[in-house]
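Asks: Sharing entry28.tsv, TSV, C-alpha atoms and all ligand atoms:
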chain	number	residue	atom	x	y	z
A	1	MET	CA	62.46	2.05	47.01
A	2	HIS	CA	59.55	3.76	48.84
A	3	ASP	CA	59.44	7.39	49.84
A	4	THR	CA	59.35	7.04	53.63
A	5	THR	CA	58.84	10.78	54.28
A	6	LYS	CA	55.21	10.66	53.11
A	7	THR	CA	52.55	8.81	55.10
A	8	PRO	CA	49.23	7.63	53.62
A	9	GLU	CA	47.55	10.43	55.59
A	10	ASP	CA	49.61	13.01	53.68
A	11	ALA	CA	48.59	11.49	50.38
A	12	SER	CA	44.88	11.50	51.24
A	13	GLU	CA	45.11	15.11	52.39
A	14	ARG	CA	46.61	16.16	49.10
A	15	LEU	CA	43.89	14.29	47.19
A	16	SER	CA	41.18	16.02	49.20
A	17	ASP	CA	42.74	19.39	48.40
A	18	ILE	CA	41.81	18.94	44.74
A	19	THR	CA	38.93	21.25	43.83
A	20	PHE	CA	36.81	20.86	40.74
A	21	THR	CA	36.65	24.19	38.98
A	22	ASP	CA	35.59	22.82	35.61
A	23	PRO	CA	31.94	21.63	35.79
A	24	ALA	CA	32.69	18.95	33.20
A	25	ALA	CA	35.38	17.52	35.50
A	26	ALA	CA	33.11	17.41	38.56
A	27	PRO	CA	31.71	14.06	39.71
A	28	LEU	CA	28.57	12.99	37.86
A	29	ASP	CA	26.47	12.95	41.03
A	30	ALA	CA	27.43	16.53	41.94
A	31	ALA	CA	24.01	17.95	41.08
A	32	PRO	CA	23.32	21.57	42.04
A	33	ALA	CA	21.61	21.81	45.41
A	34	THR	CA	19.04	24.24	44.03
A	35	ARG	CA	17.42	21.61	41.81
A	36	ALA	CA	13.88	21.36	43.16
A	37	ASP	CA	12.92	17.95	41.79
A	38	ALA	CA	16.26	16.16	42.19
A	39	GLY	CA	15.92	12.46	41.53
A	40	GLU	CA	12.30	12.70	40.41
A	41	GLU	CA	11.34	10.52	37.45
A	42	ARG	CA	10.74	12.44	34.22
A	43	GLU	CA	8.66	10.75	31.56
A	44	THR	CA	10.41	10.73	28.20
A	45	TRP	CA	7.63	10.55	25.59
A	46	PRO	CA	5.41	13.30	27.05
A	47	ALA	CA	8.52	15.54	27.20
A	48	ILE	CA	9.37	14.74	23.57
A	49	TRP	CA	5.78	15.44	22.49
A	50	ARG	CA	5.67	18.74	24.39
A	51	GLY	CA	8.95	19.75	22.79
A	52	PHE	CA	7.66	18.74	19.35
A	53	ARG	CA	4.69	21.06	19.84
A	54	GLY	CA	7.13	23.85	20.73
A	55	ARG	CA	6.23	23.78	24.41
A	56	CYS	CA	8.37	23.57	27.54
A	57	PRO	CA	9.03	19.89	28.40
A	58	ASN	CA	8.44	20.60	32.10
A	59	CYS	CA	5.11	22.47	32.17
A	60	GLY	CA	3.89	22.05	28.59
A	61	SER	CA	2.61	25.63	28.33
A	62	GLY	CA	5.56	28.04	27.92
A	63	PRO	CA	7.11	28.32	24.45
A	64	ILE	CA	10.49	26.59	24.14
A	65	LEU	CA	11.81	28.64	21.19
A	66	ARG	CA	12.07	32.42	20.99
A	67	SER	CA	12.58	32.74	17.25
A	68	TYR	CA	12.53	30.16	14.49
A	69	LEU	CA	15.21	27.95	16.09
A	70	LYS	CA	16.62	29.75	19.17
A	71	VAL	CA	15.99	27.87	22.42
A	72	ARG	CA	15.01	30.13	25.33
A	73	ASP	CA	17.27	30.26	28.39
A	74	HIS	CA	14.27	29.75	30.69
A	75	CYS	CA	10.68	28.73	30.24
A	76	PRO	CA	8.63	31.97	30.61
A	77	SER	CA	5.88	30.02	32.34
A	78	CYS	CA	7.58	27.74	34.92
A	79	ARG	CA	11.17	29.14	34.89
A	80	GLN	CA	12.57	25.72	33.92
A	81	GLU	CA	16.16	26.24	32.72
A	82	LEU	CA	16.45	25.33	29.06
A	83	HIS	CA	19.95	26.61	28.31
A	84	HIS	CA	21.46	23.21	29.17
A	85	ASN	CA	20.31	21.78	25.86
A	86	ARG	CA	22.85	20.54	23.37
A	87	ALA	CA	20.67	19.77	20.39
A	88	ASP	CA	23.55	20.70	18.04
A	89	ASP	CA	22.93	19.23	14.59
A	90	GLY	CA	20.61	16.48	15.84
A	91	PRO	CA	17.44	18.26	14.57
A	92	ALA	CA	19.00	18.74	11.13
A	93	TYR	CA	20.01	15.08	11.04
A	94	LEU	CA	16.51	13.89	11.95
A	95	THR	CA	14.94	16.32	9.47
A	96	ILE	CA	17.09	15.00	6.61
A	97	LEU	CA	16.36	11.43	7.69
A	98	ILE	CA	12.58	11.89	7.73
A	99	VAL	CA	12.24	14.16	4.69
A	100	GLY	CA	14.52	11.86	2.67
A	101	HIS	CA	12.55	8.77	3.58
A	102	ILE	CA	9.27	10.47	2.62
A	103	MET	CA	10.45	12.24	-0.53
A	104	ALA	CA	12.58	9.52	-2.13
A	105	PRO	CA	9.76	6.92	-2.39
A	106	ALA	CA	7.29	9.68	-3.33
A	107	LEU	CA	9.60	10.79	-6.15
A	108	HIS	CA	9.80	7.23	-7.39
A	109	ILE	CA	6.03	6.69	-7.27
A	110	VAL	CA	5.21	10.02	-8.94
A	111	PHE	CA	7.78	9.45	-11.70
A	112	VAL	CA	6.72	5.87	-12.45
A	113	THR	CA	2.97	6.60	-12.24
A	114	TRP	CA	2.59	9.93	-14.05
A	115	ARG	CA	5.93	10.70	-15.80
A	116	PRO	CA	5.49	14.48	-15.35
A	117	GLU	CA	7.64	17.03	-17.19
A	118	PRO	CA	11.05	17.31	-15.47
A	119	LEU	CA	10.54	21.01	-14.65
A	120	ILE	CA	7.17	20.28	-13.06
A	121	LEU	CA	8.63	17.36	-11.10
A	122	ILE	CA	11.60	19.34	-9.76
A	123	THR	CA	9.39	22.32	-8.87
A	124	ILE	CA	6.91	20.22	-6.90
A	125	PHE	CA	9.57	18.24	-5.06
A	126	SER	CA	11.79	21.24	-4.31
A	127	ILE	CA	8.89	23.09	-2.71
A	128	GLY	CA	7.83	19.91	-0.92
A	129	CYS	CA	11.31	19.21	0.48
A	130	ILE	CA	11.89	22.80	1.62
A	131	GLY	CA	8.42	23.16	3.09
A	132	LEU	CA	8.53	19.87	4.98
A	133	SER	CA	12.08	20.61	6.24
A	134	LEU	CA	11.11	24.07	7.50
A	135	TYR	CA	8.06	22.55	9.19
A	136	LEU	CA	9.95	19.72	10.89
A	137	LEU	CA	13.20	21.46	11.92
A	138	PRO	CA	11.94	23.54	14.90
A	139	ARG	CA	9.61	20.74	16.01
A	140	LEU	CA	12.38	18.17	16.02
A	141	LYS	CA	14.63	20.61	17.86
A	142	GLY	CA	11.98	20.95	20.55
A	143	ALA	CA	11.63	17.17	20.68
A	144	ILE	CA	15.38	16.71	21.15
A	145	VAL	CA	15.48	19.35	23.89
A	146	GLY	CA	12.55	17.57	25.54
A	147	TYR	CA	14.37	14.24	25.35
A	148	GLN	CA	17.53	15.74	26.86
A	149	TRP	CA	15.45	17.32	29.64
A	150	ALA	CA	13.65	14.06	30.42
A	151	ARG	CA	16.91	12.11	30.54
A	152	ARG	CA	18.64	14.82	32.62
A	153	MET	CA	21.40	15.18	30.09
A	154	TYR	CA	24.00	17.98	30.19
A	155	GLY	CA	22.87	19.42	33.54
A	156	PHE	CA	19.08	19.41	33.07
B	1	ZN	ZN	7.78	25.49	31.53
Take the structure in the file and write it out as structure tokens.
Ligand SMILES: [Zn+2]
Replies:
Amino acid sequence: MHDTTKTPEDASERLSDITFTDPAAAPLDAAPATRADAGEERETWPAIWRGFRGRCPNCGSGPILRSYLKVRDHCPSCRQELHHNRADDGPAYLTILIVGHIMAPALHIVFVTWRPEPLILITIFSIGCIGLSLYLLPRLKGAIVGYQWARRMYGF
């Protein structure tokens, strides 16, 4: 029935021999010892607002993006690591959500009120959609990175 050659001590030794090489498999509380502010509360909304303005969520002065949409590895001002972010397609999702909810009612109101020529209507709304999307996309990316930083997601 039972394997009598192995004692409980043997089993616990073998369990303790397991090393976590994959960071994703490591225990959740295994934070790096170098983190200066470990456990400190980070306010969410100020971080989101700083990110929305394109600023580092930690210090609020260093730029968070190095081109139109590329997130910097570190904040040039306070050296806060920013490469942990996993914004993925969240900024695009939020941009579509906001632009759609502004433009769809506006299209309805403009069409019902003024009945402009179709070519005029499509020109105005195409430029409006593209312009508003290009304006919001990097700002919402910064906001999402700020949120992830404040909530200590993905290693922040
Ligand atoms: Zn900073």
Asks: Nearest to ligand ZN 1 (chain B) among A:Glu41, A:Asp89, A:Glu117, A:Glu81, with distances taken over all atoms listed in the file: which residue is it?
Replies: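 Closest candidate: A:Glu81.
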Asks: Can you pull out every residue with an atom within 7 Å of ligand ZN 1 (chain B)? Use only C-alpha atoms and all ligand atoms and format it as a list in words.
Replies: Cys56, Pro57, Asn58, Cys59, Gly60, Ser61, Gly62, Cys75, Pro76, Ser77, Cys78, Arg79 and Gln80 of chain A
Asks: Those residues you just picked out, can you put them in a file as a short mmCIF file (atom, residue, chain, number, x, y, z; two decimals), in the coordinates of the input with C-alpha atoms?
Replies:
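Dumped to result_1.cif:
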data_model
loop_
_atom_site.label_atom_id
_atom_site.label_comp_id
_atom_site.auth_asym_id
_atom_site.auth_seq_id
_atom_site.Cartn_x
_atom_site.Cartn_y
_atom_site.Cartn_z
CA CYS A 56 8.37 23.57 27.54
CA PRO A 57 9.03 19.89 28.40
CA ASN A 58 8.44 20.60 32.10
CA CYS A 59 5.11 22.47 32.17
CA GLY A 60 3.89 22.05 28.59
CA SER A 61 2.61 25.63 28.33
CA GLY A 62 5.56 28.04 27.92
CA CYS A 75 10.68 28.73 30.24
CA PRO A 76 8.63 31.97 30.61
CA SER A 77 5.88 30.02 32.34
CA CYS A 78 7.58 27.74 34.92
CA ARG A 79 11.17 29.14 34.89
CA GLN A 80 12.57 25.72 33.92
#
Asks: Show me as a list of chain:residue names the residues that reach within 9 Å of (12.5, 12.8, 32.9), counting all atoms listed in the file and using the file's own coordinates.
Replies: A:Glu40, A:Glu41, A:Arg42, A:Glu43, A:Thr44, A:Ala47, A:Asn58, A:Gly146, A:Tyr147, A:Gln148, A:Trp149, A:Ala150, A:Arg151, A:Arg152
Asks: Can you write out the residues you just picked, keeping C-alpha atoms, as a compact mmCIF listing (two decimals), in the frame of the given file?
Replies:
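So the final result, stored in result_34.txt, reads:
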# COMPACT_ATOMS: atom_id res chain seq x y z
CA GLU A 40 12.30 12.70 40.41
CA GLU A 41 11.34 10.52 37.45
CA ARG A 42 10.74 12.44 34.22
CA GLU A 43 8.66 10.75 31.56
CA THR A 44 10.41 10.73 28.20
CA ALA A 47 8.52 15.54 27.20
CA ASN A 58 8.44 20.60 32.10
CA GLY A 146 12.55 17.57 25.54
CA TYR A 147 14.37 14.24 25.35
CA GLN A 148 17.53 15.74 26.86
CA TRP A 149 15.45 17.32 29.64
CA ALA A 150 13.65 14.06 30.42
CA ARG A 151 16.91 12.11 30.54
CA ARG A 152 18.64 14.82 32.62
Asks: Any idea what's packed within 10 Å of Ile122 in chain A, counting all atoms listed in the file, ignoring anything in its chain fewer than 6 positions away? Could you give it as an NGL selection string?
Replies: :A and (107 or 116 or 128)
Asks: Please compute the CA of His84 in chain A-CA of Arg55 in chain A distance, one decimal, in Å.
Replies: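 It comes out at 16.0 Å.
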Asks: CA of Val99 in chain A to CA of Val71 in chain A: how many Å, to one decimal?
Replies: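 Interatomic distance, CA of Val99 in chain A to CA of Val71 in chain A: 22.7 Å.
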Asks: With distances taken over all atoms listed in the file, which of A:Trp45, A:Phe125, A:Phe156, A:Tyr135 is nearest to Ala106 in chain A?
Replies: A:Phe125
Asks: Please identify all polymer residues within 10 Å of Arg86 in chain A, counting only C-alpha atoms, omitting same-chain residues fewer than 4 positions from it, and present them as a list in words.
Replies: Leu82, Gly90, Lys141, Ile144, Val145, Gln148, Met153 and Tyr154 of chain A
Asks: What is the distance between CA of Gly155 in chain A and CA of Pro138 in chain A, in Å to one decimal?
Replies: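 Value for the CA of Gly155 in chain A-CA of Pro138 in chain A distance: 22.0 Å.
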